[in-house]
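What follows is a single structure, written as structure tokens, with notes after it.
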Amino acid sequence: MSIVIKHLSFTYSAHTPYERKALENINLEINEGDFLGIIGHTGSGKSTFIQHINGLIKPQVGEVEIFDIKLTPEKKPKVNLRKLRSKVGMVFQYPEYQLFADTVEKDVAFGPKNLGLSADEVAKRVKQAIEMVGLDYEAVKDRAPFELSGGQKRRVAIAGIIAMQPKVLILDEPTAGLDPFGKEQILNLIKYLKTHCSPTIIVISHDIDEITRFANRIVVFNDSHIAYDEPMQQLFKHSRQLQKMGLDIPRAVKVVNNLRARGVDLGEEIVTAEDLLKAIIKRYNEAHSTDIDENAGIFDMYDFSQKWLTSEQREELGLITRKEEPKDEKSHKVGKKFGLKNDKKIKPAKKEVESKSKDKEDKE
Amino acid sequence: MREISFGQYYPVKSFVHNIDARIKILITLMYMVSVFFIVSYTTFFCMFFLLTIIIAISRVPFRIVFKSINGLLFLLIFTAIINIFFTSSGNVLLSIPLGKLAINITDQGINFAIKMALRFSLLVLGSSILTFTTTPTELTDALEVLLKPLTYIKIPVHDLAIIMSIALRFIPGLMEETDKIMMAQKARGANLDSGNFFKKIKAMLPVLIPLFVSAFRRADELADALDARCYNASSKRTKMKTFELKVTDVISFLVFTALIVLIFLDKYYIGGVVQAPDLGGFEVQGLDIFVHRLIMKITG
Amino acid sequence: MAVTLDNVTYSYNIDDSHRIDAVKGISLNIKDGTFVALVGHNGSGKSTLAKLLNGLLLPTSGEVKIFGNSTLDPNKIYDIRKNVGMVFQNPDNQMIASIVEDDVAFGPENLGVERDEIINRVEWALSKVGMLEYRKRTPFKMSGGQKQRLAIAGVLAIKPKILVLDESTAMLDPRGRSEVLEVAHELNKQDGITVIHITHFMEEALEADRLIVMHDGRIAFDGTPREVFKNYEELKAIKLAVPWETQMAISLQKAGIDMGDGIVNEEELVDRLCQLL
């Protein structure tokens with residue numbers, strides 16, 4: 001059990017006209033290995049909740065236990081907090097707005113330095129973290145963070161957190177404001193971090209289709225309470241209630257629900273596009289006595305082969321492709337998404353498109 | 001999410017909140033000037049009594065109003081002490097030898113010190129009633145109207161008002177942003193509040209730099225938004241809001257004027273200074289003379 | 001013609017030796033009353049194009065004309081800005097006043113509109129975006145979608161003929177995005193306002209009359225959304241994606257299920273699946 005929250009309540013500006021209840025009697029256990037998605041409206045209490053997990057807010061009522069550090073409403077010595085923050089990393093919304101140093105390297109080093117690590121260790125971690133987020137260490141380390149594109153800045157900011165090698169990584173709206181391709185890259189990065197950096201990951205997002213891409217458990221906040229806490233495949237049995245709360249349900253679930261209403265029942269537990277593809281193919285095979293491979297459907301909205309960039313441009317952007325090869329069946333699929341296997345040929349685009357792309361993102 | 005809301009405005013509905021902001025500003029200004037003319041404890045008492053009533057009507061809890069004095073307590077005590085030490089008239093109560101010199105504490109010194117402290121509290125209380133019951137926007141709008149005559153001597157009152165209103169508009173956002181950045185850097189293990197002054201400044205850099213960057217970015221975007229909405233398009237700008245005085249505004253103004261007249265009567269007409277023999281020749285001023293006499297009569 | 005671009009190029013210096021062409025010789029006509037979606041990934045030049053439309057940026061070469069007035073003519077700049085209402089990306093950085101109605105009044109006040117008319121316009125603009133009940137409130141605690149609707153009201157009060165949404169949905173959650181889009185479509189249909197909606201979300205272009213895809217400072221595709229979505233492989237190559245439902249149909253098609261052509265939304269997808277299953 002890595003994190004245990006008991007009877008946690010929190011009120012902002014208590015005893016003033018601005019008083020606002022943010023959390024009321026929250027009980028939750030987060031286990032090691034959880035890939036937890038948190039959804040809920042703005043003001044449902046989810047942001048206040050995660051700030052508790054990092055010790056940024058002291059509990060008013062109840063207690064938060066993180067590994068063996070206990071936070072209670074009583075005063076606590078400071079030593080614990082630093083230790084806590086080395087275990088729980090927090091990536092805030094628009095984290096690139098918190099970059100401050102004059103080089104990428106220095107900025108990423110800020111966290112590990114604060115942990116009091118040796119210079120060698122700091123340098124090692126910085127290099128590791130920058131490479132882990134998919135940037136080329138040599139190409140970007142001496143550049144000013146402000147020169148980078150929006151998506152790159154965000155990755156540098158994330159590197160600043162993972163350089164602290166937290167066991168639990170919390171990300172608040174990690175894809176907000178990015179373009180769809182940038183979003184996709186960050187989502188893939190988060191999946192990658194789960195296996196290579198932080199075994200427990202908590203993500204807050206407004207976009208349910210994003211959450212369902214990786215979460216194995218979803219907690220729904222509504223009106224300062226936890227409304228649901230379910231394994232991902234089970235949550236959308238409550239579709240109607242979720243929609244009543246004004247929350248979105250995944251597109252695949254919408255399609256399944258619509259089909260069901262029209263007499264085609266594909267079954268429960270379909271949440272992602274991949275689930276839906278499989279279910280449709282299976283059903284199609286039954287109906288038409290065909291023999292299409294259930295795994296034949298590939299939902300590839302984005303192309304990660306980055307073929308439109310010359311190697312020179314890629315170098316300039318500091319983009320690297322991770323070199324590890326997929327080992328088993330499972331990671332094979334992930335590898336495909338990363339564009340590691342470029343077996344698919346991309347047709348050249350229209351002539352106008354083909355002209356050399358400078359790709360100075362964010363310079364427009 | 002901030003713990004305390006921005007500014008001092010206390011959002012309830014009350015008679016005081018409802019008074020026209022221009023009238024409130026005028027009254028507060030007159031009040032602040034006249035506070036310096038209060039001479040007698042009786043008038044002080046009346047003023048405090050009046051303020052108590054106003055605060056009660058305004059429905060701002062006393063606890064919150066007095067907090068505003070709390071913050072200035074140090075300044076209040078400091079001025080009082082200065083007064084005690086630097087007044088030499090009156091009967092010497094205590095003499096502190098300081099080498100060749102001596103500092104005398106006199107009854108007049110204490111008298112002045114107490115009055116100074118009272119004046120100071122009246123000032124703080126009075127002005128905080130204004131800010132508790134008037135939104136920053138109302139204040140800027142009212143100031144723009146009150147300062148309008150200055151346009152005749154080529155002071156760009158409207159531009160100043162826009163600057164002020166934009167500042168007010170962005171302060172809450174920037175405060176929230178500061179909180180966010182501080183939290184984010186704390187999450188990266190930053191220690192923002194220990195060490196000596198210089199260490200603290202250095203520790204704050206990771207907060208200050210992003211904050212400045214963000215402020216400039218906001219300014220940039222806002223400039224575009226102002227342009228897109230035709231700022232400076234026409235020399236004859238119009239205003240949607242007009243100020244119309246309500247009867248209650250006028251009445252409040254008159255009531256206050258009457259009170260202030262009383263203060264001046266107290267000083268200049270009823271006035272005078274009497275040395276009370278029963279108080280060891282202590283100087284009694286203004287209305288206090290009557291009160292003193294009254295007490296003498298009752299106690300025989 | 002509401003908007004005419006004639007061989008417009010815009011370039012700027014990034015440092016002493018480097019110049020970047022953000023927009024490269026674009027020619028374009030937009031008819032009065034159309035709803036245009038302008039889509040491209042970051043760095044495609046779409047935002048630069050937006051700022052060229054109301055003279056916030058001036059073309060390095062070529063000419064931008066709004067109802068026949070060139071943005072290069074300094075005497076016409078306020079006429080152009082009156083006609084081109086522009087809403088920006090960050091919902092927090094566009095409001096000038098702390099009270100909703102004061103903010104909406106700001107534009108017409110700048111133009112010297114009579115007081116009674118300002119009040120009418122404020123009411124009209126706020127009711128258009130469905131925010132009339134918030135007129136006395138402060139925007140501080142509002143949602144992103146509400147703030148952007150207010151920003152739209154702020155420019156509507158100037159009575160523009162063209163509304164440019166410059167990535168106004170980028171920072172919003174899915175719900176806020178649909179709120180803003182709904183308002184834009186209503187203004188287009190009911191009031192005949194020409195809307196140029198700049199976005200990087202392809203699915204927001206679904207309801208548009210015309211979809212222009214930009215890449216690398218040029219126009220890559222221009223047509224109805226359905227026409228453009230047919231080029232999904234090419235779109236992918238320029239870091240864009242077709243709507244989710246279209247992708248679903250394509251994936252099924254590739255697996256060997258005949259999905260037919262041109263599925264762009266949920267209704268069509270469900271219809272086709274019902275026929276098949």
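FYI, nothing fancy with the structure tokens labels: chains A, B, ... in order, residues from 1 per chain, ligands from 1 as they appear.
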Considering only C-alpha atoms, give me a table of residues in chain C that are at most 7 Å from chain A, with the closest atom pair and distance in Å for each, as JSON lines.
```
{"residue": "C:Ala22", "atom": "CA", "partner": "A:Glu364", "partner_atom": "CA", "distance": 6.2}
{"residue": "C:His41", "atom": "CA", "partner": "A:Asp179", "partner_atom": "CA", "distance": 6.3}
{"residue": "C:Asn42", "atom": "CA", "partner": "A:Glu361", "partner_atom": "CA", "distance": 5.2}
{"residue": "C:Gly43", "atom": "CA", "partner": "A:Glu361", "partner_atom": "CA", "distance": 4.2}
{"residue": "C:Gly45", "atom": "CA", "partner": "A:Glu364", "partner_atom": "CA", "distance": 5.6}
{"residue": "C:Ser47", "atom": "CA", "partner": "A:Glu364", "partner_atom": "CA", "distance": 6.3}
{"residue": "C:Thr48", "atom": "CA", "partner": "A:Glu364", "partner_atom": "CA", "distance": 5.7}
{"residue": "C:Ala170", "atom": "CA", "partner": "A:Gly177", "partner_atom": "CA", "distance": 5.2}
{"residue": "C:Met171", "atom": "CA", "partner": "A:Gly177", "partner_atom": "CA", "distance": 4.6}
{"residue": "C:Asp173", "atom": "CA", "partner": "A:His206", "partner_atom": "CA", "distance": 6.0}
{"residue": "C:Pro174", "atom": "CA", "partner": "A:Asp207", "partner_atom": "CA", "distance": 6.6}
{"residue": "C:His200", "atom": "CA", "partner": "A:Asp179", "partner_atom": "CA", "distance": 5.7}
{"residue": "C:Phe201", "atom": "CA", "partner": "A:Pro180", "partner_atom": "CA", "distance": 6.7}
{"residue": "C:His215", "atom": "CA", "partner": "A:Val353", "partner_atom": "CA", "distance": 6.5}
{"residue": "C:Asp216", "atom": "CA", "partner": "A:Ser357", "partner_atom": "CA", "distance": 6.0}
{"residue": "C:Ala220", "atom": "CA", "partner": "A:Val353", "partner_atom": "CA", "distance": 5.9}
{"residue": "C:Glu233", "atom": "CA", "partner": "A:Lys347", "partner_atom": "CA", "distance": 6.9}
{"residue": "C:Glu234", "atom": "CA", "partner": "A:Ala349", "partner_atom": "CA", "distance": 4.6}
{"residue": "C:Lys236", "atom": "CA", "partner": "A:Tyr302", "partner_atom": "CA", "distance": 5.8}
{"residue": "C:Ala237", "atom": "CA", "partner": "A:Asp303", "partner_atom": "CA", "distance": 6.6}
{"residue": "C:Lys239", "atom": "CA", "partner": "A:Phe181", "partner_atom": "CA", "distance": 6.0}
{"residue": "C:Leu240", "atom": "CA", "partner": "A:Phe181", "partner_atom": "CA", "distance": 6.9}
{"residue": "C:Ala241", "atom": "CA", "partner": "A:Met301", "partner_atom": "CA", "distance": 5.6}
{"residue": "C:Gln247", "atom": "CA", "partner": "A:Met301", "partner_atom": "CA", "distance": 6.5}
{"residue": "C:Met248", "atom": "CA", "partner": "A:Phe299", "partner_atom": "CA", "distance": 6.8}
{"residue": "C:Ser251", "atom": "CA", "partner": "A:Gly297", "partner_atom": "CA", "distance": 5.5}
{"residue": "C:Leu252", "atom": "CA", "partner": "A:Gly297", "partner_atom": "CA", "distance": 5.9}
{"residue": "C:Ala255", "atom": "CA", "partner": "A:Gly297", "partner_atom": "CA", "distance": 5.2}
{"residue": "C:Glu266", "atom": "CA", "partner": "A:Val255", "partner_atom": "CA", "distance": 6.9}
{"residue": "C:Val270", "atom": "CA", "partner": "A:Leu259", "partner_atom": "CA", "distance": 6.3}
{"residue": "C:Cys274", "atom": "CA", "partner": "A:Leu259", "partner_atom": "CA", "distance": 6.9}
{"residue": "C:Leu277", "atom": "CA", "partner": "A:Tyr284", "partner_atom": "CA", "distance": 5.8}
```
Only C-alpha atoms, please: the residues just picked out, written as a CSV table (one decimal), in the first residue's frame.
```
chain,number,residue,atom,x,y,z
C,22,ALA,CA,5.5,32.1,-41.3
C,41,HIS,CA,-0.5,22.0,-36.3
C,42,ASN,CA,1.7,24.4,-34.2
C,43,GLY,CA,4.0,26.3,-36.5
C,45,GLY,CA,1.4,29.6,-39.8
C,47,SER,CA,-2.1,32.0,-36.0
C,48,THR,CA,0.1,34.4,-38.1
C,170,ALA,CA,-7.0,25.4,-27.5
C,171,MET,CA,-6.9,25.9,-23.7
C,173,ASP,CA,-11.7,21.3,-21.8
C,174,PRO,CA,-13.9,19.3,-24.2
C,200,HIS,CA,-5.7,22.3,-34.3
C,201,PHE,CA,-8.6,19.9,-33.6
C,215,HIS,CA,1.1,23.4,-43.4
C,216,ASP,CA,4.4,25.1,-43.4
C,220,ALA,CA,-2.3,22.2,-48.0
C,233,GLU,CA,-2.9,9.6,-45.1
C,234,GLU,CA,-1.6,13.0,-46.2
C,236,LYS,CA,-1.4,12.2,-41.0
C,237,ALA,CA,1.9,13.0,-42.6
C,239,LYS,CA,0.8,15.8,-38.0
C,240,LEU,CA,-3.0,16.1,-38.2
C,241,ALA,CA,-5.6,13.4,-37.7
C,247,GLN,CA,-10.4,6.9,-38.2
C,248,MET,CA,-12.5,4.1,-36.7
C,251,SER,CA,-9.3,1.1,-39.4
C,252,LEU,CA,-12.3,-1.3,-39.9
C,255,ALA,CA,-9.1,-4.8,-41.5
C,266,GLU,CA,-20.9,9.1,-34.6
C,270,VAL,CA,-23.5,3.8,-35.8
C,274,CYS,CA,-26.1,-1.3,-37.6
C,277,LEU,CA,-23.9,-6.3,-37.6
```
Counting only C-alpha atoms, which residues from chain A have an atom at most 9 Å from any atom of chain B, and could you show them as a VMD selection string? chain A and resid 12 to 14 16 to 18 48 51 54 to 56 81 to 83 85 to 86 88 to 92 95 97 to 101 110 to 115 160 to 161 164
Given the selection you just returned, output its residues as a file containing C-alpha atoms, formatted as a PDB file, in the first residue's frame.
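Result written to selection.pdb:
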```
ATOM      1  CA  TYR A  12     -10.925  26.933   1.589  1.00  0.00           C
ATOM      2  CA  SER A  13     -11.252  30.285   3.373  1.00  0.00           C
ATOM      3  CA  ALA A  14     -13.177  28.782   6.246  1.00  0.00           C
ATOM      4  CA  THR A  16     -15.470  33.861   5.511  1.00  0.00           C
ATOM      5  CA  PRO A  17     -18.027  34.598   2.822  1.00  0.00           C
ATOM      6  CA  TYR A  18     -15.600  32.984   0.356  1.00  0.00           C
ATOM      7  CA  THR A  48      -6.937  19.921  -3.904  1.00  0.00           C
ATOM      8  CA  GLN A  51      -1.917  18.571  -3.637  1.00  0.00           C
ATOM      9  CA  ASN A  54       2.501  15.792  -2.312  1.00  0.00           C
ATOM     10  CA  GLY A  55       2.304  17.480   1.080  1.00  0.00           C
ATOM     11  CA  LEU A  56       1.699  20.854  -0.552  1.00  0.00           C
ATOM     12  CA  LEU A  81       8.319  16.909   3.455  1.00  0.00           C
ATOM     13  CA  ARG A  82      11.510  16.832   1.463  1.00  0.00           C
ATOM     14  CA  LYS A  83      11.682  13.083   1.795  1.00  0.00           C
ATOM     15  CA  ARG A  85       8.684  14.987  -2.346  1.00  0.00           C
ATOM     16  CA  SER A  86      11.515  12.756  -3.409  1.00  0.00           C
ATOM     17  CA  VAL A  88       6.030  11.695  -4.928  1.00  0.00           C
ATOM     18  CA  GLY A  89       6.661  13.798  -8.025  1.00  0.00           C
ATOM     19  CA  MET A  90       4.100  16.282  -9.187  1.00  0.00           C
ATOM     20  CA  VAL A  91       3.784  17.747 -12.666  1.00  0.00           C
ATOM     21  CA  PHE A  92       1.448  20.716 -12.505  1.00  0.00           C
ATOM     22  CA  PRO A  95       4.465  22.897 -16.192  1.00  0.00           C
ATOM     23  CA  TYR A  97       5.455  27.994 -17.210  1.00  0.00           C
ATOM     24  CA  GLN A  98       7.612  27.049 -14.226  1.00  0.00           C
ATOM     25  CA  LEU A  99      10.880  26.742 -16.139  1.00  0.00           C
ATOM     26  CA  PHE A 100      13.295  29.365 -14.916  1.00  0.00           C
ATOM     27  CA  ALA A 101      16.934  28.453 -15.483  1.00  0.00           C
ATOM     28  CA  PHE A 110      16.980  21.963  -9.866  1.00  0.00           C
ATOM     29  CA  GLY A 111      14.931  19.155  -8.309  1.00  0.00           C
ATOM     30  CA  PRO A 112      17.716  16.594  -7.774  1.00  0.00           C
ATOM     31  CA  LYS A 113      19.993  19.326  -6.402  1.00  0.00           C
ATOM     32  CA  ASN A 114      17.339  20.254  -3.870  1.00  0.00           C
ATOM     33  CA  LEU A 115      17.328  16.636  -2.766  1.00  0.00           C
ATOM     34  CA  GLY A 160      12.671  18.138 -14.133  1.00  0.00           C
ATOM     35  CA  ILE A 161      10.307  16.031 -12.046  1.00  0.00           C
ATOM     36  CA  MET A 164      13.948  13.257  -8.835  1.00  0.00           C
TER      37      MET A 164
END
```
Could the residues of chain C that have an atom at most 10 Å from chain B be listed as a tab-separated table, each with its closest atom pair and the distance in Å to one decimal, counting only C-alpha atoms and ordered by chain and ascending residue number?
```
residue	atom	partner	partner_atom	distance
C:Lys51	CA	B:Asp224	CA	9.2
C:Asn54	CA	B:Ala228	CA	7.5
C:Gly55	CA	B:Ala228	CA	9.0
C:Leu56	CA	B:Asp224	CA	7.2
C:Ile77	CA	B:Ala233	CA	9.1
C:Tyr78	CA	B:Ala233	CA	6.2
C:Asp79	CA	B:Ala233	CA	9.2
C:Ile80	CA	B:Cys230	CA	9.7
C:Arg81	CA	B:Ala228	CA	6.1
C:Lys82	CA	B:Cys230	CA	7.0
C:Val84	CA	B:Ala228	CA	8.1
C:Gly85	CA	B:Ala228	CA	6.8
C:Met86	CA	B:Ala228	CA	6.1
C:Val87	CA	B:Ala225	CA	7.7
C:Phe88	CA	B:Ala225	CA	7.5
C:Gln89	CA	B:Glu221	CA	8.9
C:Asn90	CA	B:Glu221	CA	8.1
C:Asp92	CA	B:Gly173	CA	8.0
C:Asn93	CA	B:Leu222	CA	5.6
C:Gln94	CA	B:Ala225	CA	5.6
C:Met95	CA	B:Leu222	CA	7.9
C:Ile96	CA	B:Ile166	CA	5.5
C:Ala97	CA	B:Arg169	CA	6.1
C:Ser98	CA	B:Arg169	CA	5.2
C:Ile99	CA	B:Thr137	CA	7.6
C:Glu101	CA	B:Met240	CA	9.2
C:Asp102	CA	B:Met240	CA	7.7
C:Val104	CA	B:Arg229	CA	9.8
C:Ala105	CA	B:Met240	CA	6.6
C:Phe106	CA	B:Arg229	CA	7.6
C:Gly107	CA	B:Arg229	CA	5.0
C:Pro108	CA	B:Thr238	CA	8.0
C:Glu109	CA	B:Thr238	CA	4.8
C:Asn110	CA	B:Arg237	CA	5.3
C:Leu111	CA	B:Ser234	CA	5.3
C:Gly112	CA	B:Arg237	CA	4.5
C:Val113	CA	B:Thr238	CA	6.3
C:Glu114	CA	B:Thr238	CA	6.7
C:Arg115	CA	B:Met240	CA	5.2
C:Asp116	CA	B:Met240	CA	7.9
C:Glu117	CA	B:Met240	CA	9.0
C:Ile118	CA	B:Met240	CA	6.3
C:Ile119	CA	B:Met240	CA	6.7
C:Val122	CA	B:Met240	CA	9.5
C:Thr138	CA	B:Arg169	CA	9.3
C:Pro139	CA	B:Arg169	CA	9.5
C:Phe140	CA	B:Pro172	CA	7.9
C:Lys141	CA	B:Met1	CA	9.9
C:Ala151	CA	B:Ala225	CA	9.4
C:Gly154	CA	B:Arg229	CA	7.9
C:Val155	CA	B:Arg229	CA	6.4
C:Leu156	CA	B:Arg229	CA	9.7
C:Ala157	CA	B:Arg229	CA	9.3
C:Ile158	CA	B:Arg229	CA	7.4
```
Take the residues from that selection and write them out as a short mmCIF file (atom, residue, chain, number, x, y, z; two decimals), in the first residue's frame, keeping N, CA and C atoms.
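What landed in out-v4.cif:
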```
data_model
loop_
_atom_site.label_atom_id
_atom_site.label_comp_id
_atom_site.auth_asym_id
_atom_site.auth_seq_id
_atom_site.Cartn_x
_atom_site.Cartn_y
_atom_site.Cartn_z
N LYS C 51 -3.64 36.95 -37.31
CA LYS C 51 -3.26 38.30 -36.91
C LYS C 51 -3.10 39.21 -38.12
N ASN C 54 -6.68 41.30 -39.06
CA ASN C 54 -7.17 42.58 -38.53
C ASN C 54 -6.05 43.59 -38.34
N GLY C 55 -4.96 43.36 -39.03
CA GLY C 55 -3.90 44.37 -39.02
C GLY C 55 -3.05 44.37 -37.77
N LEU C 56 -3.18 43.33 -36.92
CA LEU C 56 -2.25 43.24 -35.79
C LEU C 56 -0.86 42.96 -36.34
N ILE C 77 -7.58 51.30 -40.65
CA ILE C 77 -7.30 50.23 -39.70
C ILE C 77 -8.43 50.05 -38.68
N TYR C 78 -9.01 51.17 -38.21
CA TYR C 78 -10.08 51.01 -37.23
C TYR C 78 -11.36 50.52 -37.87
N ASP C 79 -11.58 50.87 -39.17
CA ASP C 79 -12.71 50.28 -39.88
C ASP C 79 -12.56 48.78 -39.94
N ILE C 80 -11.33 48.36 -40.23
CA ILE C 80 -11.07 46.92 -40.34
C ILE C 80 -11.27 46.24 -38.99
N ARG C 81 -10.74 46.86 -37.94
CA ARG C 81 -10.87 46.22 -36.61
C ARG C 81 -12.32 46.20 -36.15
N LYS C 82 -13.10 47.20 -36.61
CA LYS C 82 -14.51 47.20 -36.28
C LYS C 82 -15.21 46.02 -36.96
N VAL C 84 -13.62 43.14 -38.04
CA VAL C 84 -13.03 41.84 -37.71
C VAL C 84 -12.89 41.71 -36.20
N GLY C 85 -13.82 41.00 -35.59
CA GLY C 85 -13.73 40.78 -34.15
C GLY C 85 -12.82 39.61 -33.91
N MET C 86 -11.89 39.78 -32.96
CA MET C 86 -10.92 38.72 -32.79
C MET C 86 -10.88 38.22 -31.35
N VAL C 87 -11.00 36.91 -31.19
CA VAL C 87 -10.93 36.29 -29.86
C VAL C 87 -9.66 35.45 -29.81
N PHE C 88 -8.91 35.59 -28.73
CA PHE C 88 -7.60 34.94 -28.67
C PHE C 88 -7.62 33.65 -27.87
N GLN C 89 -6.42 33.15 -27.64
CA GLN C 89 -6.30 31.81 -27.07
C GLN C 89 -6.57 31.75 -25.57
N ASN C 90 -5.90 32.61 -24.81
CA ASN C 90 -5.95 32.48 -23.36
C ASN C 90 -7.16 33.19 -22.78
N ASP C 92 -7.87 33.94 -19.92
CA ASP C 92 -7.61 34.82 -18.78
C ASP C 92 -7.04 36.17 -19.18
N ASN C 93 -6.52 36.27 -20.38
CA ASN C 93 -5.79 37.49 -20.72
C ASN C 93 -6.50 38.40 -21.71
N GLN C 94 -7.82 38.33 -21.75
CA GLN C 94 -8.52 39.18 -22.71
C GLN C 94 -9.48 40.16 -22.09
N MET C 95 -9.78 39.95 -20.81
CA MET C 95 -10.74 40.86 -20.18
C MET C 95 -10.03 42.07 -19.61
N ILE C 96 -10.64 43.22 -19.79
CA ILE C 96 -10.02 44.45 -19.33
C ILE C 96 -10.62 44.86 -17.98
N ALA C 97 -11.93 44.71 -17.84
CA ALA C 97 -12.59 45.16 -16.61
C ALA C 97 -12.88 43.97 -15.70
N SER C 98 -13.18 44.26 -14.45
CA SER C 98 -13.42 43.19 -13.49
C SER C 98 -14.88 42.77 -13.44
N ILE C 99 -15.75 43.55 -14.08
CA ILE C 99 -17.16 43.20 -14.08
C ILE C 99 -17.56 42.91 -15.52
N GLU C 101 -20.23 43.17 -17.50
CA GLU C 101 -20.84 44.12 -18.44
C GLU C 101 -19.92 45.30 -18.76
N ASP C 102 -19.09 45.69 -17.79
CA ASP C 102 -18.13 46.76 -18.07
C ASP C 102 -17.17 46.34 -19.16
N VAL C 104 -17.70 44.09 -21.56
CA VAL C 104 -18.35 44.02 -22.87
C VAL C 104 -18.54 45.44 -23.43
N ALA C 105 -18.75 46.40 -22.52
CA ALA C 105 -18.98 47.78 -22.96
C ALA C 105 -17.70 48.44 -23.47
N PHE C 106 -16.56 47.86 -23.15
CA PHE C 106 -15.28 48.51 -23.45
C PHE C 106 -15.12 48.85 -24.94
N GLY C 107 -15.42 47.90 -25.80
CA GLY C 107 -15.28 48.12 -27.24
C GLY C 107 -16.11 49.30 -27.74
N PRO C 108 -17.44 49.21 -27.57
CA PRO C 108 -18.28 50.33 -28.03
C PRO C 108 -17.92 51.66 -27.36
N GLU C 109 -17.47 51.65 -26.11
CA GLU C 109 -17.04 52.89 -25.46
C GLU C 109 -15.87 53.50 -26.22
N ASN C 110 -14.94 52.63 -26.63
CA ASN C 110 -13.78 53.12 -27.39
C ASN C 110 -14.20 53.76 -28.71
N LEU C 111 -15.31 53.23 -29.28
CA LEU C 111 -15.76 53.76 -30.57
C LEU C 111 -16.64 54.99 -30.41
N GLY C 112 -16.91 55.37 -29.16
CA GLY C 112 -17.73 56.55 -28.92
C GLY C 112 -19.21 56.34 -29.22
N VAL C 113 -19.68 55.11 -29.04
CA VAL C 113 -21.10 54.81 -29.26
C VAL C 113 -21.93 55.47 -28.15
N GLU C 114 -23.15 55.90 -28.52
CA GLU C 114 -24.03 56.54 -27.52
C GLU C 114 -24.36 55.57 -26.38
N ARG C 115 -24.61 56.14 -25.20
CA ARG C 115 -24.79 55.33 -24.00
C ARG C 115 -25.95 54.33 -24.13
N ASP C 116 -27.12 54.78 -24.60
CA ASP C 116 -28.26 53.86 -24.71
C ASP C 116 -27.94 52.70 -25.65
N GLU C 117 -27.25 53.05 -26.73
CA GLU C 117 -26.89 52.03 -27.71
C GLU C 117 -25.89 51.03 -27.10
N ILE C 118 -24.97 51.55 -26.26
CA ILE C 118 -24.02 50.64 -25.61
C ILE C 118 -24.78 49.62 -24.76
N ILE C 119 -25.74 50.12 -23.98
CA ILE C 119 -26.50 49.22 -23.11
C ILE C 119 -27.21 48.16 -23.94
N VAL C 122 -24.61 45.66 -25.17
CA VAL C 122 -24.11 44.79 -24.11
C VAL C 122 -25.12 43.68 -23.85
N THR C 138 -18.08 38.94 -11.57
CA THR C 138 -16.69 39.02 -11.99
C THR C 138 -16.30 37.68 -12.62
N PRO C 139 -15.44 37.69 -13.61
CA PRO C 139 -15.11 36.46 -14.34
C PRO C 139 -14.15 35.58 -13.59
N PHE C 140 -13.69 36.01 -12.41
CA PHE C 140 -12.56 35.35 -11.76
C PHE C 140 -12.77 33.86 -11.54
N LYS C 141 -13.97 33.47 -11.13
CA LYS C 141 -14.19 32.06 -10.80
C LYS C 141 -14.91 31.30 -11.91
N ALA C 151 -15.43 36.66 -23.86
CA ALA C 151 -14.52 37.32 -24.79
C ALA C 151 -15.21 37.51 -26.13
N GLY C 154 -17.50 40.36 -25.86
CA GLY C 154 -16.72 41.60 -25.89
C GLY C 154 -16.47 42.10 -27.30
N VAL C 155 -16.20 41.18 -28.23
CA VAL C 155 -15.98 41.64 -29.60
C VAL C 155 -17.29 41.79 -30.36
N LEU C 156 -18.31 41.02 -29.98
CA LEU C 156 -19.61 41.17 -30.64
C LEU C 156 -20.17 42.56 -30.45
N ALA C 157 -19.89 43.15 -29.28
CA ALA C 157 -20.43 44.47 -28.97
C ALA C 157 -19.90 45.53 -29.93
N ILE C 158 -18.83 45.21 -30.64
CA ILE C 158 -18.31 46.13 -31.67
C ILE C 158 -19.09 45.95 -32.97
#
```
Residues of stretch 147-271 of chain B in helix (DSSP H, G or I), written as a PyMOL selection string: chain B and resi 148-153+157-187+197-228+247-271
Polymer residues at most 9 Å from C:Val195, only C-alpha atoms, same-chain spacing of 4 or more positions, as a list in words: Gly33, Thr34, Phe35, Val36, Ala37, Lys161, Ile162, Leu163, Val164, Leu165, Ala184, His185, Leu187 and Asn188 of chain C
